[in-house]
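structure_35.txt, holding compact mmCIF, C-alpha atoms:
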# COMPACT_ATOMS: atom_id res chain seq x y z
CA MET A 92 88.53 88.31 120.33
CA ASN A 93 89.07 84.63 119.62
CA ILE A 94 92.46 84.00 118.01
CA LEU A 95 93.42 80.82 116.16
CA TYR A 96 97.16 80.24 116.63
CA TYR A 97 98.08 78.12 113.62
CA VAL A 98 101.16 75.88 114.11
CA PRO A 99 99.95 72.44 112.96
CA HIS A 100 103.32 70.78 112.31
CA LEU A 101 105.83 72.75 114.39
CA SER A 102 108.88 70.67 115.39
CA GLN A 103 112.58 70.90 116.27
CA ALA A 104 113.41 70.61 112.57
CA SER A 105 111.86 74.07 112.19
CA GLY A 106 114.88 75.58 113.97
CA GLY A 107 114.62 79.27 114.79
CA ILE A 108 111.07 79.46 113.46
CA ARG A 109 110.04 77.01 116.15
CA GLN A 110 111.77 79.11 118.82
CA TYR A 111 110.01 82.21 117.55
CA ALA A 112 106.58 80.56 117.48
CA CYS A 113 106.98 79.18 121.01
CA ALA A 114 108.31 82.49 122.35
CA MET A 115 105.38 84.33 120.75
CA LEU A 116 102.89 81.94 122.34
CA GLU A 117 104.64 82.40 125.69
CA ALA A 118 104.14 86.16 125.35
CA LEU A 119 100.51 85.73 124.32
CA SER A 120 99.88 83.65 127.43
CA GLU A 121 100.01 86.94 129.40
CA ASP A 122 97.05 88.29 127.42
CA LYS A 123 93.84 87.91 129.42
CA GLU A 124 91.70 90.02 127.05
CA ASN A 125 91.64 87.60 124.12
CA THR A 126 91.04 83.86 123.94
CA TYR A 127 93.56 81.66 122.11
CA PHE A 128 93.00 78.35 120.35
CA VAL A 129 96.11 76.47 119.19
CA VAL A 130 96.17 74.11 116.21
CA HIS A 131 99.06 71.69 116.74
CA ASN A 132 99.73 67.98 116.40
CA GLY A 133 100.77 67.75 120.07
CA GLN A 134 104.25 66.41 119.28
CA ASP A 135 106.47 69.35 120.32
CA ASP A 136 107.56 69.32 123.97
CA ILE A 137 108.22 73.07 124.28
CA LEU A 138 104.90 74.13 122.81
CA MET A 139 102.96 71.54 124.77
CA GLY A 140 104.74 72.67 127.94
CA ILE A 141 103.46 76.22 127.33
CA LEU A 142 99.93 74.88 126.90
CA HIS A 143 100.14 72.82 130.09
CA ARG A 144 101.32 75.86 132.06
CA ASN A 145 98.54 77.99 130.64
CA PRO A 146 95.24 76.09 130.75
CA HIS A 147 93.40 79.22 129.58
CA ILE A 148 95.00 78.65 126.14
CA ILE A 149 92.92 75.98 124.43
CA HIS A 150 94.64 73.21 122.49
CA ILE A 151 92.54 71.97 119.59
CA SER A 152 93.02 68.21 119.60
CA PRO A 153 94.84 66.73 116.58
CA THR A 154 91.75 64.72 115.66
CA VAL A 155 89.67 67.89 115.38
CA GLY A 156 92.44 70.07 113.93
CA LYS A 157 93.47 67.65 111.20
CA GLU A 158 92.54 68.37 107.60
CA ARG A 159 90.06 65.89 106.08
CA TRP A 160 90.66 64.44 102.63
CA TYR A 161 87.48 65.98 101.20
CA GLU A 162 88.46 69.40 102.61
CA ARG A 163 91.80 69.17 100.80
CA LEU A 164 89.94 68.15 97.62
CA THR A 165 87.63 71.16 97.90
CA THR A 166 90.49 73.60 98.48
CA ASP A 167 92.55 72.20 95.60
CA GLY A 168 89.50 72.20 93.34
CA THR A 169 88.83 75.88 94.02
CA LYS A 170 92.48 76.70 93.29
CA LEU A 171 92.20 74.86 89.96
CA VAL A 172 89.05 76.77 89.02
CA ASN A 173 90.84 80.05 89.76
CA GLN A 174 93.78 79.04 87.59
CA ILE A 175 91.40 78.34 84.72
CA LEU A 176 89.65 81.69 85.24
CA LYS A 177 93.00 83.50 85.24
CA SER A 178 94.18 81.69 82.10
CA ARG A 179 90.99 82.79 80.34
CA LYS A 180 91.57 86.31 81.65
CA LYS A 181 88.34 86.40 83.63
CA GLY A 182 88.35 89.32 86.00
CA GLN A 183 86.76 87.51 88.95
CA THR A 184 88.06 84.56 90.94
CA LEU A 185 86.60 82.54 93.80
CA ARG A 186 87.63 83.06 97.40
CA ILE A 187 89.48 79.99 98.60
CA GLY A 188 88.59 78.44 101.93
CA SER A 189 90.01 75.38 103.69
CA TYR A 190 89.60 73.18 106.76
CA VAL A 191 90.72 76.20 108.77
CA ASP A 192 87.28 77.70 108.14
CA ARG A 193 85.67 74.69 109.82
CA LEU A 194 87.77 75.39 112.90
CA CYS A 195 86.98 79.09 112.72
CA GLN A 196 83.26 78.39 112.64
CA ARG A 197 83.44 75.84 115.44
CA TYR A 198 85.42 78.09 117.79
CA LYS A 199 84.01 81.44 116.59
CA ILE A 200 87.46 82.64 115.51
CA ASP A 201 87.93 86.32 114.68
CA VAL A 202 91.57 86.29 113.48
CA VAL A 203 93.98 83.55 112.35
CA HIS A 204 97.60 84.09 113.47
CA CYS A 205 100.29 82.07 111.70
CA PRO A 206 103.73 82.79 113.28
CA TYR A 207 105.78 81.43 110.40
CA GLN A 208 106.04 81.91 106.64
CA HIS A 209 102.64 80.57 105.70
CA ALA A 210 99.15 82.01 105.27
CA PRO A 211 96.43 79.36 105.31
CA HIS A 212 93.52 79.73 102.93
CA THR A 213 90.61 81.00 104.99
CA LEU A 214 87.81 83.52 104.79
CA ARG A 215 88.90 84.98 108.14
CA PRO A 216 91.54 87.74 108.49
CA VAL A 217 95.04 86.22 108.52
CA ILE A 218 98.17 87.51 110.23
CA ALA A 219 101.34 85.90 108.89
CA THR A 220 104.93 86.28 110.04
CA MET A 221 107.67 86.70 107.45
CA HIS A 222 111.06 85.81 108.89
CA ASP A 223 113.21 86.43 105.84
CA VAL A 224 113.44 86.57 102.06
CA GLN A 225 117.06 85.53 101.89
CA GLU A 226 116.74 84.10 98.37
CA ILE A 227 116.59 87.70 97.14
CA HIS A 228 119.80 88.66 98.94
CA LEU A 229 121.64 85.35 98.53
CA PRO A 230 120.33 83.88 95.27
CA GLU A 231 123.52 81.85 94.81
CA LEU A 232 122.48 79.60 97.70
CA PHE A 233 119.28 78.54 95.93
CA THR A 234 118.62 76.66 92.73
CA PRO A 235 116.43 78.37 90.11
CA ALA A 236 113.63 75.97 91.07
CA GLU A 237 113.95 76.84 94.76
CA ARG A 238 113.92 80.56 94.02
CA ALA A 239 110.84 80.16 91.86
CA GLU A 240 109.09 78.08 94.50
CA ARG A 241 109.83 80.58 97.27
CA ALA A 242 108.73 83.46 95.04
CA VAL A 243 105.36 81.79 94.44
CA ILE A 244 104.89 80.88 98.12
CA PHE A 245 105.91 84.28 99.47
CA MET A 246 103.88 86.18 96.88
CA GLY A 247 100.91 84.06 97.88
CA ILE A 248 101.44 85.04 101.52
CA ALA A 249 101.80 88.70 100.56
CA GLU A 250 98.52 88.52 98.63
CA ARG A 251 96.49 86.50 101.18
CA ALA A 252 97.66 87.88 104.52
CA THR A 253 95.55 90.69 105.94
CA HIS A 254 98.57 91.86 107.91
CA ILE A 255 102.22 90.79 108.02
CA VAL A 256 104.37 90.72 111.14
CA VAL A 257 108.18 90.91 111.06
CA SER A 258 110.77 91.10 113.82
CA PHE A 259 113.15 93.61 112.24
CA SER A 260 112.82 96.69 110.05
CA HIS A 261 115.04 95.27 107.28
CA VAL A 262 112.45 92.52 106.65
CA LYS A 263 109.65 95.11 106.56
CA HIS A 264 111.63 97.03 103.97
CA ASP A 265 111.91 93.86 101.86
CA MET A 266 108.17 93.18 102.09
CA VAL A 267 107.36 96.69 100.87
CA LYS A 268 110.06 96.83 98.20
CA PHE A 269 109.82 93.35 96.71
CA PHE A 270 106.26 92.22 97.47
CA GLY A 271 104.25 95.42 97.13
CA ARG A 272 102.93 95.56 100.68
CA LYS A 273 101.75 98.91 101.97
CA LEU A 274 103.76 100.30 104.88
CA ASP A 275 100.81 100.24 107.28
CA SER A 276 100.09 96.57 106.48
CA VAL A 277 103.46 95.38 107.85
CA SER A 278 104.25 95.72 111.56
CA VAL A 279 107.59 95.31 113.29
CA CYS A 280 106.92 93.41 116.52
CA PRO A 281 109.92 92.77 118.79
CA LEU A 282 110.89 89.23 119.65
CA ASN A 283 109.76 87.94 123.02
CA LEU A 284 112.94 87.60 125.05
CA ASN A 285 111.44 87.97 128.49
CA LYS A 286 111.19 84.23 128.96
CA MET A 287 113.69 81.84 127.39
CA TRP A 288 113.80 78.07 127.27
CA PHE A 289 116.90 77.88 129.50
CA ASP A 290 115.49 80.02 132.34
CA GLU A 291 114.41 76.88 134.17
CA PHE A 292 118.00 75.62 134.38
CA THR A 293 120.67 76.49 136.96
CA GLU A 294 124.33 75.59 137.36
CA SER A 295 123.26 72.55 139.38
CA ASP A 296 121.57 71.17 136.25
CA LEU A 297 124.82 71.09 134.26
CA LEU A 298 125.58 67.73 132.70
CA SER A 299 129.22 66.80 133.12
CA ARG A 300 131.77 67.46 130.42
CA GLN A 301 132.88 63.83 130.65
CA GLY A 302 129.33 62.53 130.35
CA LEU A 303 128.80 64.57 127.20
CA ASP A 304 132.18 63.46 125.80
CA LEU A 305 133.37 67.05 125.28
CA PRO A 306 136.90 68.30 124.65
CA ASN A 307 138.52 70.43 127.35
CA SER A 308 138.10 73.55 125.21
CA TYR A 309 135.72 74.15 122.33
CA CYS A 310 133.67 76.71 120.43
CA LEU A 311 129.94 76.12 119.92
CA TYR A 312 127.80 76.79 116.84
CA PRO A 313 124.09 75.84 117.20
CA ALA A 314 122.52 75.88 113.72
CA ALA A 315 120.86 73.60 111.21
CA THR A 316 123.09 72.72 108.26
CA TRP A 317 121.48 75.12 105.78
CA PRO A 318 123.96 76.68 103.31
CA HIS A 319 123.27 80.19 104.61
CA LYS A 320 124.38 79.15 108.09
CA ASN A 321 127.85 79.22 106.51
CA HIS A 322 129.52 76.25 108.18
CA LYS A 323 131.66 76.12 105.04
CA THR A 324 133.61 79.34 105.66
CA LEU A 325 133.83 78.57 109.37
CA PHE A 326 135.53 75.26 108.56
CA GLU A 327 137.93 77.06 106.25
CA ALA A 328 138.75 79.45 109.10
CA LEU A 329 139.45 76.54 111.45
CA ALA A 330 141.88 75.05 108.93
CA LEU A 331 143.52 78.46 108.48
CA ILE A 332 143.95 78.83 112.25
CA ARG A 333 145.67 75.47 112.41
CA GLU A 334 147.99 76.33 109.53
CA SER A 335 148.75 79.98 110.36
CA TYR A 336 148.59 80.02 114.15
CA GLY A 337 149.53 76.43 114.86
CA HIS A 338 146.48 76.39 117.10
CA GLN A 339 143.71 73.77 117.06
CA ILE A 340 140.21 74.98 117.95
CA ASN A 341 137.57 72.34 118.52
CA LEU A 342 134.07 73.06 117.25
CA ILE A 343 130.81 71.53 118.48
CA CYS A 344 127.86 71.90 116.10
CA THR A 345 124.24 71.21 117.01
CA GLY A 346 121.00 71.39 115.06
CA HIS A 347 119.08 69.57 112.35
CA LYS A 348 121.22 67.78 109.75
CA ASN A 349 119.49 68.43 106.44
CA GLU A 350 120.45 67.47 102.88
CA HIS A 351 123.43 69.86 102.92
CA TYR A 352 125.10 67.89 105.72
CA ASP A 353 126.76 65.41 103.34
CA THR A 354 128.50 68.30 101.55
CA LEU A 355 129.82 69.54 104.89
CA ARG A 356 131.11 66.08 105.81
CA THR A 357 133.04 65.96 102.55
CA GLN A 358 134.57 69.35 103.32
CA ILE A 359 135.54 68.24 106.83
CA ASP A 360 137.36 65.26 105.33
CA SER A 361 139.14 67.36 102.73
CA LEU A 362 140.32 69.88 105.33
CA ALA A 363 141.37 67.12 107.76
CA LEU A 364 139.10 68.51 110.47
CA ASN A 365 137.63 65.22 111.64
CA ASN A 366 139.35 65.50 115.02
CA GLN A 367 138.19 69.10 115.50
CA VAL A 368 134.60 69.32 114.25
CA HIS A 369 131.88 67.32 115.99
CA PHE A 370 128.20 67.32 115.00
CA LYS A 371 125.74 66.48 117.77
CA GLY A 372 122.58 66.90 115.68
CA VAL A 373 119.25 67.76 117.32
CA ILE A 374 119.61 67.53 121.10
CA ASP A 375 117.38 68.10 124.10
CA GLU A 376 117.34 71.42 125.97
CA HIS A 377 119.18 70.09 129.02
CA THR A 378 122.08 68.98 126.84
CA LEU A 379 122.10 72.23 124.83
CA TYR A 380 122.18 74.28 128.03
CA SER A 381 125.18 72.26 129.20
CA LEU A 382 126.95 72.66 125.85
CA TYR A 383 126.55 76.43 126.11
CA LYS A 384 127.81 76.60 129.68
CA HIS A 385 130.85 74.40 129.03
CA ALA A 386 131.78 76.28 125.83
CA GLN A 387 134.67 78.71 125.86
CA ALA A 388 132.92 80.77 123.17
CA VAL A 389 130.13 80.76 120.60
CA VAL A 390 130.65 81.64 116.93
CA ILE A 391 127.83 82.59 114.52
CA PRO A 392 129.09 82.91 110.91
CA THR A 393 125.64 83.03 109.27
CA LEU A 394 125.21 84.88 105.96
CA TYR A 395 121.63 85.91 106.70
CA GLU A 396 119.56 85.93 109.85
CA ALA A 397 116.26 87.64 110.54
CA GLY A 398 116.98 87.21 114.24
CA SER A 399 119.64 84.99 115.77
CA TYR A 400 118.51 82.99 118.81
CA PRO A 401 122.02 81.56 119.34
CA LEU A 402 123.23 85.16 119.69
CA PHE A 403 120.50 85.99 122.21
CA GLU A 404 121.20 82.78 124.10
CA SER A 405 124.93 83.49 124.26
CA LEU A 406 124.37 87.01 125.58
CA PHE A 407 121.85 85.89 128.19
CA LEU A 408 123.88 82.89 129.36
CA GLY A 409 127.09 84.91 129.65
CA ILE A 410 129.07 83.08 126.96
CA PRO A 411 131.62 85.07 124.89
CA VAL A 412 130.40 85.34 121.30
CA VAL A 413 131.57 86.65 117.92
CA CYS A 414 129.29 86.82 114.91
CA SER A 415 128.58 88.01 111.38
CA GLY A 416 128.02 91.68 110.70
CA VAL A 417 124.84 91.02 108.69
CA THR A 418 121.10 91.77 108.95
CA SER A 419 119.96 91.96 112.60
CA LEU A 420 123.16 90.76 114.28
CA PRO A 421 124.99 94.12 114.54
CA GLU A 422 121.86 95.64 116.09
CA THR A 423 121.64 92.78 118.57
CA ILE A 424 125.23 92.74 119.82
CA ALA A 425 125.58 96.54 119.48
CA ASP A 426 129.39 96.58 119.26
CA PRO A 427 131.33 96.27 115.97
CA THR A 428 134.37 94.94 117.85
CA PHE A 429 132.80 91.50 117.84
CA LEU A 430 131.63 91.40 114.21
CA PHE A 431 133.31 89.84 111.19
CA ASN A 432 132.66 89.61 107.47
CA PRO A 433 131.12 86.13 107.09
CA TRP A 434 132.59 85.70 103.60
CA ASP A 435 136.14 86.34 104.85
CA LYS A 436 137.81 83.33 106.48
CA HIS A 437 140.71 85.52 107.62
CA GLN A 438 138.44 87.82 109.62
CA ILE A 439 136.61 84.86 111.12
CA SER A 440 139.88 83.17 112.11
CA ASP A 441 141.28 86.36 113.68
CA LEU A 442 138.24 86.97 115.87
CA LEU A 443 137.84 83.31 116.70
CA VAL A 444 141.41 83.07 118.00
CA LYS A 445 140.93 86.34 119.87
CA ILE A 446 137.68 85.30 121.60
CA MET A 447 139.20 81.94 122.56
CA THR A 448 142.55 83.20 123.88
CA ASN A 449 142.52 86.95 124.67
CA SER A 450 141.21 87.49 128.24
CA GLU A 451 140.82 91.27 127.84
CA TYR A 452 138.79 90.83 124.66
CA ARG A 453 136.67 88.10 126.29
CA ASN A 454 135.97 90.22 129.37
CA LYS A 455 134.85 93.18 127.26
CA ASN A 456 132.59 90.85 125.31
CA LEU A 457 131.01 89.59 128.53
CA GLN A 458 130.47 93.13 129.80
CA ILE A 459 128.73 94.15 126.57
CA GLY A 460 126.70 90.95 126.70
CA GLN A 461 125.48 91.65 130.21
CA LEU A 462 124.32 95.15 129.27
CA ARG A 463 122.62 93.97 126.09
CA SER A 464 120.90 91.08 127.84
CA GLN A 465 119.35 93.45 130.37
CA GLU A 466 118.04 95.66 127.56
CA LEU A 467 116.82 92.79 125.38
CA ARG A 468 115.04 91.05 128.25
CA LYS A 469 112.66 93.98 128.42
CA GLN A 470 111.39 93.31 124.91
CA THR A 471 107.90 91.90 124.50
CA PRO A 472 105.69 91.72 121.40
CA LEU A 473 102.44 91.55 123.36
CA HIS A 474 101.27 95.15 122.99
CA SER A 475 102.31 95.30 119.34
CA ILE A 476 100.65 92.03 118.36
CA LYS A 477 97.40 92.94 120.12
CA GLU A 478 97.30 96.12 118.05
CA VAL A 479 97.81 94.01 114.91
CA TYR A 480 94.83 91.84 115.93
CA LYS A 481 92.67 94.95 116.20
CA LYS A 482 93.81 96.19 112.78
CA ALA A 483 93.11 92.82 111.16
CA ARG A 484 89.66 92.55 112.68
CA ALA A 485 88.79 96.13 111.74
CA TYR A 486 89.85 95.38 108.17
CA ASP A 487 87.47 92.41 108.14
CA ASN A 488 84.60 94.65 109.22
CA VAL A 489 85.23 97.26 106.50
Could I get this file's structure written as structure tokens?
Amino acid sequence: MNILYYVPHLSQASGGIRQYACAMLEALSEDKENTYFVVHNGQDDILMGILHRNPHIIHISPTVGKERWYERLTTDGTKLVNQILKSRKKGQTLRIGSYVDRLCQRYKIDVVHCPYQHAPHTLRPVIATMHDVQEIHLPELFTPAERAERAVIFMGIAERATHIVVSFSHVKHDMVKFFGRKLDSVSVCPLNLNKMWFDEFTESDLLSRQGLDLPNSYCLYPAATWPHKNHKTLFEALALIRESYGHQINLICTGHKNEHYDTLRTQIDSLALNNQVHFKGVIDEHTLYSLYKHAQAVVIPTLYEAGSYPLFESLFLGIPVVCSGVTSLPETIADPTFLFNPWDKHQISDLLVKIMTNSEYRNKNLQIGQLRSQELRKQTPLHSIKEVYKKARAYDNV
């Protein structure tokens, strides 16, 4: 089969979705039965590195893969006609194509695979990945307009996608319960954890603590500043630790600073945490590897996570970690001793102090992490995703 891997605008700002898409492509590079064509603007170093290491995966040049203005006009025009037909309660609507069909015809594509929450309009079978529907579980973090927008987008994916791929069973349950998908049209494919971005680094690659301007001791939290990442309660826990324990814990934060960042800066000022909390923003992999290895611990207070790459990275790199007891995280760490209620600043502060100062607790954490990393490293989505390709193509031939 010829597979179109659709990631036209993937970038570091995509956060965990970018990590997932790159890890999936890395796994697919082991597949010698199918041929892969990748739509991408060529501006992501990780993805381009995978393409350079695997010349059998064909990169569609940005000039060819870019949507033309008249193609956008045609797609939008067809959508408008369908809206008119629906408003007049006509039973039949037109199938909507797009510039993706031009690529499919040119490269004789059998299946389009989109590894993030999008399903392009195309006449070919589409496989889409749904990472989460957190607005259903945490509606308070979204405005009514945002909830409405996500509902429309996700319902569109649920209607257009021939097959949906998820990483964890709780997301599959949501797709069936809230979006009307049939059980056999949603597949749980494990994350690819066999190869990770930091595998190329060794201790000799460590950047110095002084060169990175790091405190002697700190906790690390790699996450974009989305509200559900829950920096807010983590900051409250840091202030509580200072007041109740008389102990100052430094926190290094990395990741994309979005529109919520200004709110967090205001909170840092109000809690007098300016000397403790340091945002590094989006950083390169070499620097992130060094931040992990110099950290005394990692904390992950997220309110919702389809799959936490910072948790995987901590386990694999041998860094003590405590995290939220939500969604996939308990399954990943597999020990309730290291879980806290992310809405409870007291629980977060207790475990944070413990992981930073209690050697027995830290050693147990590292032992669990070593066992889990060995188990998780064996995961690969390759067999599962190839079966999904076959299902999607068979559906197209019905």
Neighbour list for region 328-331 of chain A as a ChimeraX atom specification, cut-off 10 Å, all atoms listed in the file, skip fewer than 5 positions in-chain: /A:322-323,336-342,359,362-364,367-368,435-441,443-444
Contacts of Ile343 (chain A) at 12 Å (all atoms listed in the file; same-chain gap of 6+ positions) as a VMD selection string: chain A and resid 303 to 314 322 325 to 326 364 to 372 379 382 to 383 385 to 390
Residues just named, written with C-alpha atoms as a short mmCIF file (atom, residue, chain, number, x, y, z; two decimals), keeping the file's coordinate frame:
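The resulting part_15.cif:
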data_model
loop_
_atom_site.label_atom_id
_atom_site.label_comp_id
_atom_site.auth_asym_id
_atom_site.auth_seq_id
_atom_site.Cartn_x
_atom_site.Cartn_y
_atom_site.Cartn_z
CA LEU A 303 128.80 64.57 127.20
CA ASP A 304 132.18 63.46 125.80
CA LEU A 305 133.37 67.05 125.28
CA PRO A 306 136.90 68.30 124.65
CA ASN A 307 138.52 70.43 127.35
CA SER A 308 138.10 73.55 125.21
CA TYR A 309 135.72 74.15 122.33
CA CYS A 310 133.67 76.71 120.43
CA LEU A 311 129.94 76.12 119.92
CA TYR A 312 127.80 76.79 116.84
CA PRO A 313 124.09 75.84 117.20
CA ALA A 314 122.52 75.88 113.72
CA HIS A 322 129.52 76.25 108.18
CA LEU A 325 133.83 78.57 109.37
CA PHE A 326 135.53 75.26 108.56
CA LEU A 364 139.10 68.51 110.47
CA ASN A 365 137.63 65.22 111.64
CA ASN A 366 139.35 65.50 115.02
CA GLN A 367 138.19 69.10 115.50
CA VAL A 368 134.60 69.32 114.25
CA HIS A 369 131.88 67.32 115.99
CA PHE A 370 128.20 67.32 115.00
CA LYS A 371 125.74 66.48 117.77
CA GLY A 372 122.58 66.90 115.68
CA LEU A 379 122.10 72.23 124.83
CA LEU A 382 126.95 72.66 125.85
CA TYR A 383 126.55 76.43 126.11
CA HIS A 385 130.85 74.40 129.03
CA ALA A 386 131.78 76.28 125.83
CA GLN A 387 134.67 78.71 125.86
CA ALA A 388 132.92 80.77 123.17
CA VAL A 389 130.13 80.76 120.60
CA VAL A 390 130.65 81.64 116.93
#
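Atom pair CA of Pro392 (chain A) / CA of Arg241 (chain A): separated by 23.7 Å.
Between CA of Lys268 (chain A) and CA of His212 (chain A) the separation is 24.3 Å.
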Atom pair CA of His131 (chain A) / CA of His100 (chain A): separation (Å):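 Between these atoms lies a distance of 6.2 Å.
Among the candidates A:Leu457, A:Ala104, A:Val217, A:Ile151, the residue lying nearest to Leu194 (chain A) is A:Ile151 (atoms considered: only C-alpha atoms).
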Glu124 (chain A) environment, 12 Å, only C-alpha atoms, sequence neighbours closer than 4 positions dropped, as a PyMOL selection string: chain A and resi 92-94+119-120+147-148+473-474+477+480-481
Just the selected residues (C-alpha atoms), exported as a PDB file, in the frame of the given file, please.
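Output file out-v8.pdb follows:
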ATOM      1  CA  MET A  92      88.530  88.310 120.330  1.00  0.00           C
ATOM      2  CA  ASN A  93      89.070  84.630 119.620  1.00  0.00           C
ATOM      3  CA  ILE A  94      92.460  84.000 118.010  1.00  0.00           C
ATOM      4  CA  LEU A 119     100.510  85.730 124.320  1.00  0.00           C
ATOM      5  CA  SER A 120      99.880  83.650 127.430  1.00  0.00           C
ATOM      6  CA  HIS A 147      93.400  79.220 129.580  1.00  0.00           C
ATOM      7  CA  ILE A 148      95.000  78.650 126.140  1.00  0.00           C
ATOM      8  CA  LEU A 473     102.440  91.550 123.360  1.00  0.00           C
ATOM      9  CA  HIS A 474     101.270  95.150 122.990  1.00  0.00           C
ATOM     10  CA  LYS A 477      97.400  92.940 120.120  1.00  0.00           C
ATOM     11  CA  TYR A 480      94.830  91.840 115.930  1.00  0.00           C
ATOM     12  CA  LYS A 481      92.670  94.950 116.200  1.00  0.00           C
TER      13      LYS A 481
END
His143 (chain A): which residues within 12 Å, counting only C-alpha atoms, same-chain residues fewer than 5 positions away excluded, as a short mmCIF file (atom, residue, chain, number, x, y, z; two decimals) with C-alpha atoms, in the coordinates of the input?
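This went into out_1.cif:
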data_model
loop_
_atom_site.label_atom_id
_atom_site.label_comp_id
_atom_site.auth_asym_id
_atom_site.auth_seq_id
_atom_site.Cartn_x
_atom_site.Cartn_y
_atom_site.Cartn_z
CA GLU A 117 104.64 82.40 125.69
CA SER A 120 99.88 83.65 127.43
CA GLY A 133 100.77 67.75 120.07
CA ASP A 136 107.56 69.32 123.97
CA ILE A 137 108.22 73.07 124.28
CA LEU A 138 104.90 74.13 122.81
CA ILE A 148 95.00 78.65 126.14
CA ILE A 149 92.92 75.98 124.43
CA HIS A 150 94.64 73.21 122.49
#
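Here the question is which of A:Leu402, A:Ala397, A:Ala210, A:Leu232 gets nearest to His319 (chain A) using all atoms listed in the file, and that residue is A:Leu232.
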Who sits within 7 Å of region 107-116 of chain A, only C-alpha atoms, same chain under 2 positions skipped, as a list in words: Leu101, Ser102, Gln103, Ser105, Ala118, Leu119, Ser120, Leu138, Pro206, Tyr207, Asn283 and Tyr400 of chain A
Among listed residues A:Lys263, A:Gln458, A:Val373, A:Ser276, nearest Ala315 (chain A) (using all atoms listed in the file):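 Smallest distance to Ala315 (chain A) is found for A:Val373.
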Top pick for closest residue to Ile200 (chain A), considering A:Thr428, A:Ser260, A:Asn125, A:Gln134 and counting only C-alpha atoms: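 Smallest distance to Ile200 (chain A) is found for A:Asn125.
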Top pick for closest residue to Gln208 (chain A), considering A:Ile227, A:Leu176, A:Ala483, A:Ile244 and counting only C-alpha atoms: A:Ile244
Pick from A:His261, A:Arg484, A:His222, A:Arg356 nearest to His209 (chain A), counting all atoms listed in the file: A:His222
